[in-house]
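Here is the structure we will look at.
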Amino acid sequence: MTPVATPFFFYLLSGIMLIGGILVITRKNPVHSALALIVTLLAQASIYLMLYAPFVAGVQIILYAGGIMVLFLFVIMLVSVERSMKERQFNSQWVVGMIAATALGGLFIAVYTKGTSIFPDHALSIVEDNNTQEVAKLLYGQYMFAFEIASLLLLVAIIGAVVMAKKRI
Amino acid sequence: MESMLHITTLHYLVLGAALFLLGVLGVLTRRNVVIVLMSIELILNAVNLNLVAFSRLWGGVHGQVFAIFVITDAAAEAAVGLGILIAFFRNKETVNIDEVNLLKW
């Protein structure tokens, strides 16, 4: 299947993602930041679809926009945000932070302008119609051990979150 | 103009780098712990975008599998991080990350 109007949708979704990201780190109210982050995550799921990764796009929407962001909003409701909204929003090292981020951006620009020959500009043909099956074959075959470790990690995270948030154990 | 209209892997990598920079800027400059955690999610998403773009470039689904593992890690990190945030808020009655200064000299 040939993609339709790829440059237009790429630039549209990139614009939505970057504006959402800027809103996340500049808004005073954490609820607004969370909503901007949800918009960013949904636009990123669409970009996954453009990269022929429908399963990752579905996982992104269900797990990130549906699971993790609900957890974030729940915790924002739990802690009081009124006081922190009246305070200064950026810490006193923000100049150093800006300088460090600019240096990192310069590094990225240097790598991506000098290293374009590393990335061939033609993409290999990818199996489109059985993406989920391919992911499942790798997940339950070659990456079986990593998959089991990931479930153990989730168990540890559940126990850790309960221990952290509980008043007394 | 020709390179602008032909979307290659490099375009996705530049988008990922821009998102990564926004996340780093948020982690380094914001005082609200909730927004610092959200900036960490932005960083993890930038890495995921790179992984899926490389997966498309080399024609396999290994990068996508790795992206799913990164999403699992992000879920675990968010759960533990928000648990720490609740414990912190109970002790200090604030969400300001400048108050976390017990190890400061």
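By convention here, the chains of the structure tokens are called A, B, ... in the order presented, each chain's residues are numbered starting at 1, and ligands are numbered starting at 1 in the order presented.
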Who sits within 8 Å of Ala79 (chain B), only C-alpha atoms, same chain under 5 positions skipped, as a PDB file with C-alpha atoms, in the first residue's frame:
```pdb
ATOM      1  CA  LEU A  71      -1.934   7.621  36.673  1.00  0.00           C
ATOM      2  CA  ALA A 157       7.450  -1.736  40.344  1.00  0.00           C
ATOM      3  CA  ILE A 158       4.003  -2.659  41.727  1.00  0.00           C
ATOM      4  CA  ALA A 161       4.869   1.810  44.340  1.00  0.00           C
TER       5      ALA A 161
END
```
Students should find that CA of Gln60 (chain A) and CA of Ile38 (chain A) are spaced 10.5 Å
Just want the 7 Å neighbourhood of region 42-56 of chain A, counted on only C-alpha atoms, with same-chain residues fewer than 6 positions away dropped. Output as a PyMOL selection string. (chain A and resi 13+16-17+128+131-132) or (chain B and resi 53+56+64+68)
Have a look at B:Leu51, B:Val70, B:Leu57, B:Leu37 and name the one nearest to chain A; count only C-alpha atoms.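 For chain A, the nearest of the candidates is B:Leu57.
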